[in-house]
>>> print(open('final_16.pdb').read())   # PDB, C-alpha atoms
ATOM      1  CA  MET F 218     -30.742  -9.020  15.745
ATOM      2  CA  ARG F 219     -29.675 -12.519  14.824
ATOM      3  CA  ARG F 220     -26.322 -12.708  13.143
ATOM      4  CA  THR F 221     -25.834 -14.447   9.822
ATOM      5  CA  PRO F 222     -24.616 -18.007  10.420
ATOM      6  CA  TYR F 223     -21.159 -18.607   8.914
ATOM      7  CA  PRO F 224     -19.257 -21.877   8.531
ATOM      8  CA  ARG F 225     -16.629 -22.454  11.176
ATOM      9  CA  ASP F 226     -13.831 -21.046   9.043
ATOM     10  CA  ALA F 227     -11.305 -19.255  11.222
ATOM     11  CA  ALA F 228      -9.401 -17.748   8.284
ATOM     12  CA  ALA F 229     -12.558 -16.328   6.705
ATOM     13  CA  THR F 230     -13.725 -14.901  10.025
ATOM     14  CA  ALA F 231     -10.359 -13.267  10.680
ATOM     15  CA  ALA F 232     -10.388 -11.819   7.152
ATOM     16  CA  ARG F 233     -13.864 -10.340   7.645
ATOM     17  CA  ILE F 234     -12.765  -8.735  10.892
ATOM     18  CA  LEU F 235      -9.649  -7.278   9.265
ATOM     19  CA  GLU F 236     -11.649  -5.881   6.363
ATOM     20  CA  ALA F 237     -14.122  -4.225   8.717
ATOM     21  CA  ALA F 238     -11.304  -2.925  10.889
ATOM     22  CA  ARG F 239      -9.486  -1.486   7.896
ATOM     23  CA  ALA F 240     -12.553   0.531   6.913
ATOM     24  CA  GLU F 241     -13.121   1.706  10.472
ATOM     25  CA  PHE F 242      -9.532   2.827  11.078
ATOM     26  CA  CYS F 243      -9.367   4.595   7.717
ATOM     27  CA  GLU F 244     -12.594   6.445   8.431
ATOM     28  CA  TYR F 245     -12.105   7.361  12.087
ATOM     29  CA  GLY F 246      -8.403   6.924  12.808
ATOM     30  CA  LEU F 247      -7.113   4.868  15.699
ATOM     31  CA  SER F 248      -8.541   6.966  18.513
ATOM     32  CA  GLY F 249     -11.971   7.358  16.912
ATOM     33  CA  ALA F 250     -12.406   3.728  15.839
ATOM     34  CA  ARG F 251     -14.924   1.667  17.806
ATOM     35  CA  ILE F 252     -14.836  -2.081  18.376
ATOM     36  CA  ASP F 253     -18.648  -2.204  18.425
ATOM     37  CA  ARG F 254     -18.844  -0.886  14.852
ATOM     38  CA  ILE F 255     -16.103  -3.221  13.654
ATOM     39  CA  ALA F 256     -17.808  -6.264  15.183
ATOM     40  CA  GLU F 257     -21.140  -5.275  13.665
ATOM     41  CA  ALA F 258     -19.636  -4.701  10.213
ATOM     42  CA  ALA F 259     -17.832  -8.061  10.376
ATOM     43  CA  ASP F 260     -20.977  -9.758  11.692
ATOM     44  CA  VAL F 261     -19.200 -11.240  14.699
ATOM     45  CA  ASN F 262     -19.541 -10.722  18.418
ATOM     46  CA  LYS F 263     -16.924  -8.699  20.279
ATOM     47  CA  ARG F 264     -15.734 -11.735  22.215
ATOM     48  CA  MET F 265     -14.729 -13.429  18.970
ATOM     49  CA  LEU F 266     -12.951 -10.281  17.802
ATOM     50  CA  TYR F 267     -10.993 -10.118  21.046
ATOM     51  CA  HIS F 268     -10.203 -13.816  20.706
ATOM     52  CA  TYR F 269      -8.562 -13.263  17.334
ATOM     53  CA  TYR F 270      -6.807  -9.937  17.916
ATOM     54  CA  GLY F 271      -6.675  -9.237  21.645
ATOM     55  CA  ASN F 272      -7.816  -5.613  21.713
ATOM     56  CA  LYS F 273      -8.232  -2.559  19.501
ATOM     57  CA  ASP F 274      -4.501  -1.901  19.337
ATOM     58  CA  GLY F 275      -3.841  -5.503  18.347
ATOM     59  CA  LEU F 276      -6.491  -5.316  15.660
ATOM     60  CA  TYR F 277      -5.096  -2.063  14.294
ATOM     61  CA  ARG F 278      -1.589  -3.523  14.212
ATOM     62  CA  ALA F 279      -2.858  -6.587  12.339
ATOM     63  CA  ALA F 280      -4.694  -4.413   9.800
ATOM     64  CA  LEU F 281      -1.560  -2.343   9.256
ATOM     65  CA  VAL F 282       0.663  -5.376   8.705
ATOM     66  CA  ASP F 283      -1.940  -6.910   6.404
ATOM     67  CA  ALA F 284      -1.898  -3.738   4.292
ATOM     68  CA  TYR F 285       1.861  -3.994   3.796
ATOM     69  CA  GLN F 286       1.708  -7.721   3.125
ATOM     70  CA  GLU F 287      -0.914  -7.180   0.431
ATOM     71  CA  ILE F 288       1.155  -4.711  -1.580
ATOM     72  CA  ARG F 289       4.315  -6.807  -1.183
ATOM     73  CA  GLU F 290       2.434  -9.875  -2.453
ATOM     74  CA  GLY F 291       1.246  -7.886  -5.467
ATOM     75  CA  GLU F 292       4.823  -6.850  -6.199
ATOM     76  CA  ARG F 293       6.040 -10.441  -5.977
ATOM     77  CA  CYS F 294       3.398 -11.515  -8.475
ATOM     78  CA  LEU F 295       4.851  -9.087 -11.023
ATOM     79  CA  GLU F 296       7.887 -11.412 -11.415
ATOM     80  CA  LEU F 297       9.969  -8.455 -12.555
ATOM     81  CA  ASP F 298      13.141 -10.479 -13.048
ATOM     82  CA  ARG F 299      11.511 -11.969 -16.151
ATOM     83  CA  TYR F 300      11.512  -8.659 -18.001
ATOM     84  CA  PRO F 301      14.140  -6.367 -19.517
ATOM     85  CA  PRO F 302      15.154  -3.687 -16.995
ATOM     86  CA  GLU F 303      13.272  -0.803 -18.627
ATOM     87  CA  GLU F 304      10.057  -2.816 -18.870
ATOM     88  CA  ALA F 305      10.483  -4.195 -15.361
ATOM     89  CA  MET F 306      10.823  -0.711 -13.907
ATOM     90  CA  GLU F 307       7.802   0.546 -15.820
ATOM     91  CA  ARG F 308       5.726  -2.371 -14.558
ATOM     92  CA  LEU F 309       6.729  -1.603 -10.973
ATOM     93  CA  VAL F 310       5.893   2.084 -11.359
ATOM     94  CA  ARG F 311       2.489   1.395 -12.894
ATOM     95  CA  PHE F 312       1.635  -1.297 -10.334
ATOM     96  CA  THR F 313       2.514   1.002  -7.426
ATOM     97  CA  PHE F 314       0.372   3.857  -8.694
ATOM     98  CA  ARG F 315      -2.558   1.585  -9.527
ATOM     99  CA  HIS F 316      -2.386  -0.063  -6.108
ATOM    100  CA  PHE F 317      -2.747   3.341  -4.435
ATOM    101  CA  LEU F 318      -5.483   4.330  -6.862
ATOM    102  CA  ASP F 319      -7.487   1.090  -6.618
ATOM    103  CA  LYS F 320      -7.009   0.750  -2.854
ATOM    104  CA  PRO F 321      -7.191   4.288  -1.430
ATOM    105  CA  TRP F 322      -7.656   2.757   2.018
ATOM    106  CA  PHE F 323      -3.957   1.806   1.843
ATOM    107  CA  VAL F 324      -2.969   5.452   1.600
ATOM    108  CA  ARG F 325      -5.350   6.358   4.419
ATOM    109  CA  ILE F 326      -4.158   3.692   6.855
ATOM    110  CA  LEU F 327      -0.539   4.689   6.225
ATOM    111  CA  THR F 328      -1.538   8.279   6.930
ATOM    112  CA  VAL F 329      -3.120   7.178  10.205
ATOM    113  CA  GLU F 330       0.088   5.385  11.202
ATOM    114  CA  ASN F 331       2.219   8.401  10.319
ATOM    115  CA  LEU F 332      -0.021  10.550  12.504
ATOM    116  CA  ASN F 333       0.757   8.042  15.261
ATOM    117  CA  GLN F 334       4.502   8.509  14.650
ATOM    118  CA  ALA F 335       4.804   4.914  13.320
ATOM    119  CA  ARG F 336       4.254   3.761  16.905
ATOM    120  CA  PHE F 337       2.721   0.425  15.940
ATOM    121  CA  LEU F 338       4.925  -0.252  12.938
ATOM    122  CA  LYS F 339       7.953  -0.034  15.220
ATOM    123  CA  THR F 340       6.623  -3.025  17.145
ATOM    124  CA  VAL F 341       6.493  -5.298  14.067
ATOM    125  CA  GLU F 342       9.686  -7.310  14.408
ATOM    126  CA  ASP F 343       9.953  -8.501  10.807
ATOM    127  CA  ILE F 344       8.786  -5.341   9.030
ATOM    128  CA  ARG F 345      12.205  -4.732   7.468
ATOM    129  CA  GLU F 346      12.400  -8.322   6.266
ATOM    130  CA  LEU F 347       9.016  -7.812   4.610
ATOM    131  CA  HIS F 348      10.431  -4.943   2.542
ATOM    132  CA  SER F 349      13.967  -6.212   1.898
ATOM    133  CA  PRO F 350      13.004  -8.539  -1.010
ATOM    134  CA  LEU F 351      11.554  -5.524  -2.842
ATOM    135  CA  VAL F 352      14.722  -3.507  -2.303
ATOM    136  CA  ALA F 353      16.819  -6.441  -3.532
ATOM    137  CA  GLU F 354      14.596  -6.840  -6.593
ATOM    138  CA  ILE F 355      14.874  -3.148  -7.476
ATOM    139  CA  GLN F 356      18.649  -3.388  -7.071
ATOM    140  CA  ARG F 357      18.761  -6.302  -9.512
ATOM    141  CA  ILE F 358      16.736  -4.319 -12.044
ATOM    142  CA  LEU F 359      19.043  -1.336 -11.634
ATOM    143  CA  SER F 360      22.154  -3.487 -11.972
ATOM    144  CA  ARG F 361      20.854  -5.133 -15.142
ATOM    145  CA  GLY F 362      19.947  -1.732 -16.524
ATOM    146  CA  ALA F 363      23.417  -0.343 -15.760
ATOM    147  CA  GLU F 364      25.084  -3.341 -17.382
ATOM    148  CA  ARG F 365      23.041  -2.771 -20.548
ATOM    149  CA  ARG F 366      23.755   0.968 -20.323
ATOM    150  CA  VAL F 367      20.084   1.881 -20.316
ATOM    151  CA  PHE F 368      20.167   3.091 -16.679
ATOM    152  CA  ARG F 369      22.501   5.498 -14.972
ATOM    153  CA  ALA F 370      24.633   4.290 -12.083
ATOM    154  CA  PRO F 371      24.824   4.315  -9.175
ATOM    155  CA  VAL F 372      21.200   4.578  -8.050
ATOM    156  CA  ASP F 373      20.046   3.962  -4.483
ATOM    157  CA  PRO F 374      17.123   1.483  -4.698
ATOM    158  CA  VAL F 375      15.540   2.799  -1.488
ATOM    159  CA  GLN F 376      15.631   6.415  -2.652
ATOM    160  CA  LEU F 377      14.194   5.372  -6.007
ATOM    161  CA  TYR F 378      11.321   3.440  -4.440
ATOM    162  CA  ILE F 379      10.487   6.330  -2.114
ATOM    163  CA  THR F 380      10.273   8.545  -5.196
ATOM    164  CA  ILE F 381       8.063   6.065  -7.067
ATOM    165  CA  ALA F 382       5.754   5.623  -4.084
ATOM    166  CA  GLY F 383       5.727   9.320  -3.239
ATOM    167  CA  LEU F 384       4.677  10.394  -6.729
ATOM    168  CA  GLY F 385       1.575   8.226  -6.489
ATOM    169  CA  TYR F 386       0.906   8.544  -2.768
ATOM    170  CA  PHE F 387       0.719  12.335  -2.846
ATOM    171  CA  TYR F 388      -1.626  12.332  -5.837
ATOM    172  CA  VAL F 389      -4.068   9.814  -4.368
ATOM    173  CA  GLY F 390      -3.838  11.112  -0.802
ATOM    174  CA  ASN F 391      -4.480  14.702  -1.857
ATOM    175  CA  MET F 392      -6.774  14.087  -4.809
ATOM    176  CA  LYS F 393      -9.768  15.919  -3.346
ATOM    177  CA  THR F 394      -7.924  19.083  -2.345
ATOM    178  CA  LEU F 395      -5.847  19.185  -5.546
ATOM    179  CA  SER F 396      -9.016  18.835  -7.604
ATOM    180  CA  VAL F 397     -10.460  21.932  -5.919
ATOM    181  CA  ILE F 398      -7.226  23.929  -6.175
ATOM    182  CA  PHE F 399      -6.656  23.270  -9.881
ATOM    183  CA  GLY F 400     -10.275  23.050 -10.962
ATOM    184  CA  ARG F 401      -9.891  19.566 -12.380
ATOM    185  CA  ASP F 402     -11.408  16.290 -11.265
ATOM    186  CA  LEU F 403      -8.216  14.302 -10.714
ATOM    187  CA  SER F 404     -10.224  11.112 -10.193
ATOM    188  CA  GLU F 405     -11.375  11.098 -13.826
ATOM    189  CA  PRO F 406      -9.920   8.168 -15.826
ATOM    190  CA  ASP F 407      -8.212  10.492 -18.315
ATOM    191  CA  MET F 408      -6.523  12.357 -15.478
ATOM    192  CA  THR F 409      -5.353   9.243 -13.656
ATOM    193  CA  ARG F 410      -3.997   7.748 -16.885
ATOM    194  CA  ALA F 411      -2.138  10.964 -17.608
ATOM    195  CA  ARG F 412      -0.716  10.968 -14.080
ATOM    196  CA  GLU F 413       0.398   7.344 -14.385
ATOM    197  CA  ASP F 414       2.155   8.048 -17.678
ATOM    198  CA  HIS F 415       3.745  11.160 -16.183
ATOM    199  CA  ILE F 416       5.197   9.184 -13.263
ATOM    200  CA  VAL F 417       6.622   6.618 -15.701
ATOM    201  CA  GLU F 418       8.275   9.402 -17.709
ATOM    202  CA  VAL F 419       9.692  11.050 -14.576
ATOM    203  CA  VAL F 420      11.301   7.783 -13.448
ATOM    204  CA  ARG F 421      12.569   7.019 -16.957
ATOM    205  CA  GLY F 422      14.102  10.471 -17.186
ATOM    206  CA  TYR F 423      15.870  10.060 -13.873
ATOM    207  CA  LEU F 424      17.244   6.633 -14.765
ATOM    208  CA  ARG F 425      18.336   7.590 -18.287
ATOM    209  CA  PRO F 426      22.144   7.537 -18.514
ATOM    210  CA  ASP F 427      23.941  10.844 -19.147
TER     211      ASP F 427
END
>>> encode(input="final_16.pdb", output="structure tokens")
Amino acid sequence: MRRTPYPRDAAATAARILEAARAEFCEYGLSGARIDRIAEAADVNKRMLYHYYGNKDGLYRAALVDAYQEIREGERCLELDRYPPEEAMERLVRFTFRHFLDKPWFVRILTVENLNQARFLKTVEDIRELHSPLVAEIQRILSRGAERRVFRAPVDPVQLYITIAGLGYFYVGNMKTLSVIFGRDLSEPDMTRAREDHIVEVVRGYLRPD
């Protein structure tokens, strides 16, 4: 079969490969993923794929880093320092849940990496630097909230973010099984809105000063 001709745009080609790789790794895991399927889905030949990413491990690592970069970029675009602390925290909570909900592949690729004992994430030299601006931003929100006496203090920003992420991650990652167990379709818009509001209330309750 003749492949679709694309303009010589390296960035667009790399993005197509990453998108195809993301779907493949989420569906089959690292061990079950196949370069042939990724190349076909991206409409490139394998030689080009190897040129951009080296091998399957290199491609998986790139897809993993890209997943983290995407959510961090979304968080930066929130510009939370512009808002009062209570509103800023609510915006972060809602964004995090919606990111998991709208991009379930993110939850799946993180699950794949956890099954691999974070083996590839450990090789990303600047992974902590990628997350540190978020931790600093949450700390600023918490400090402003404590100063205004609308938040309790002290609060560990890392522990708080793990809670925020965990409340959404578990719901999205286990949506199918939970739907069967409780006899409710948790993917229904009314259910996801209720869950989002519930997470906001849980975080508000925790942060509320005594």
>>> atom_distance(input="final_16.pdb", atom1="CA of Arg336 (chain F)", atom2="CA of Phe323 (chain F)")
17.3 Å
>>> closest_residue(input="final_16.pdb", among="F:Pro350, F:Gly291, F:Gly271, F:Gly246", to="Arg308 (chain F)", atoms="all atoms listed in the file")
F:Gly291
>>> atom_distance(input="final_16.pdb", atom1="CA of Asp253 (chain F)", atom2="CA of Ala229 (chain F)")
19.3 Å
>>> closest_atom_pairs(input="final_16.pdb", of="region 262-316 of chain F", to="region 326-331 of chain F", cutoff="9 Å", atoms="all atoms listed in the file", output="JSON lines")
{"residue": "F:Ala280", "atom": "CA", "partner": "F:Ile326", "partner_atom": "CA", "distance": 8.6}
{"residue": "F:Leu281", "atom": "CA", "partner": "F:Ile326", "partner_atom": "CA", "distance": 7.0}
{"residue": "F:Ala284", "atom": "CA", "partner": "F:Ile326", "partner_atom": "CA", "distance": 8.2}
>>> atom_distance(input="final_16.pdb", atom1="CA of Gly400 (chain F)", atom2="CA of Gly383 (chain F)")
22.5 Å
>>> build_atoms(input="final_16.pdb", residues="region 412-425 of chain F", atoms="N, CA and C atoms", output="CSV table (one decimal), in the coordinates of the input")
chain,number,residue,atom,x,y,z
F,412,ARG,N,-1.6,10.9,-15.2
F,412,ARG,CA,-0.7,11.0,-14.1
F,412,ARG,C,0.2,9.7,-14.1
F,413,GLU,N,-0.4,8.6,-14.4
F,413,GLU,CA,0.4,7.3,-14.4
F,413,GLU,C,1.5,7.4,-15.4
F,414,ASP,N,1.2,7.9,-16.6
F,414,ASP,CA,2.2,8.0,-17.7
F,414,ASP,C,3.2,9.1,-17.3
F,415,HIS,N,2.8,10.1,-16.6
F,415,HIS,CA,3.7,11.2,-16.2
F,415,HIS,C,4.8,10.6,-15.2
F,416,ILE,N,4.3,9.8,-14.2
F,416,ILE,CA,5.2,9.2,-13.3
F,416,ILE,C,6.2,8.3,-14.0
F,417,VAL,N,5.7,7.5,-14.9
F,417,VAL,CA,6.6,6.6,-15.7
F,417,VAL,C,7.7,7.4,-16.4
F,418,GLU,N,7.3,8.6,-17.0
F,418,GLU,CA,8.3,9.4,-17.7
F,418,GLU,C,9.3,10.1,-16.7
F,419,VAL,N,8.8,10.5,-15.6
F,419,VAL,CA,9.7,11.0,-14.6
F,419,VAL,C,10.8,10.0,-14.2
F,420,VAL,N,10.3,8.8,-13.9
F,420,VAL,CA,11.3,7.8,-13.4
F,420,VAL,C,12.2,7.4,-14.6
F,421,ARG,N,11.7,7.3,-15.8
F,421,ARG,CA,12.6,7.0,-17.0
F,421,ARG,C,13.6,8.1,-17.1
F,422,GLY,N,13.2,9.4,-17.0
F,422,GLY,CA,14.1,10.5,-17.2
F,422,GLY,C,15.2,10.5,-16.1
F,423,TYR,N,14.9,10.1,-14.9
F,423,TYR,CA,15.9,10.1,-13.9
F,423,TYR,C,16.9,8.9,-14.1
F,424,LEU,N,16.4,7.8,-14.6
F,424,LEU,CA,17.2,6.6,-14.8
F,424,LEU,C,18.1,6.7,-16.1
F,425,ARG,N,17.6,7.5,-17.0
F,425,ARG,CA,18.3,7.6,-18.3
F,425,ARG,C,19.8,8.0,-18.1
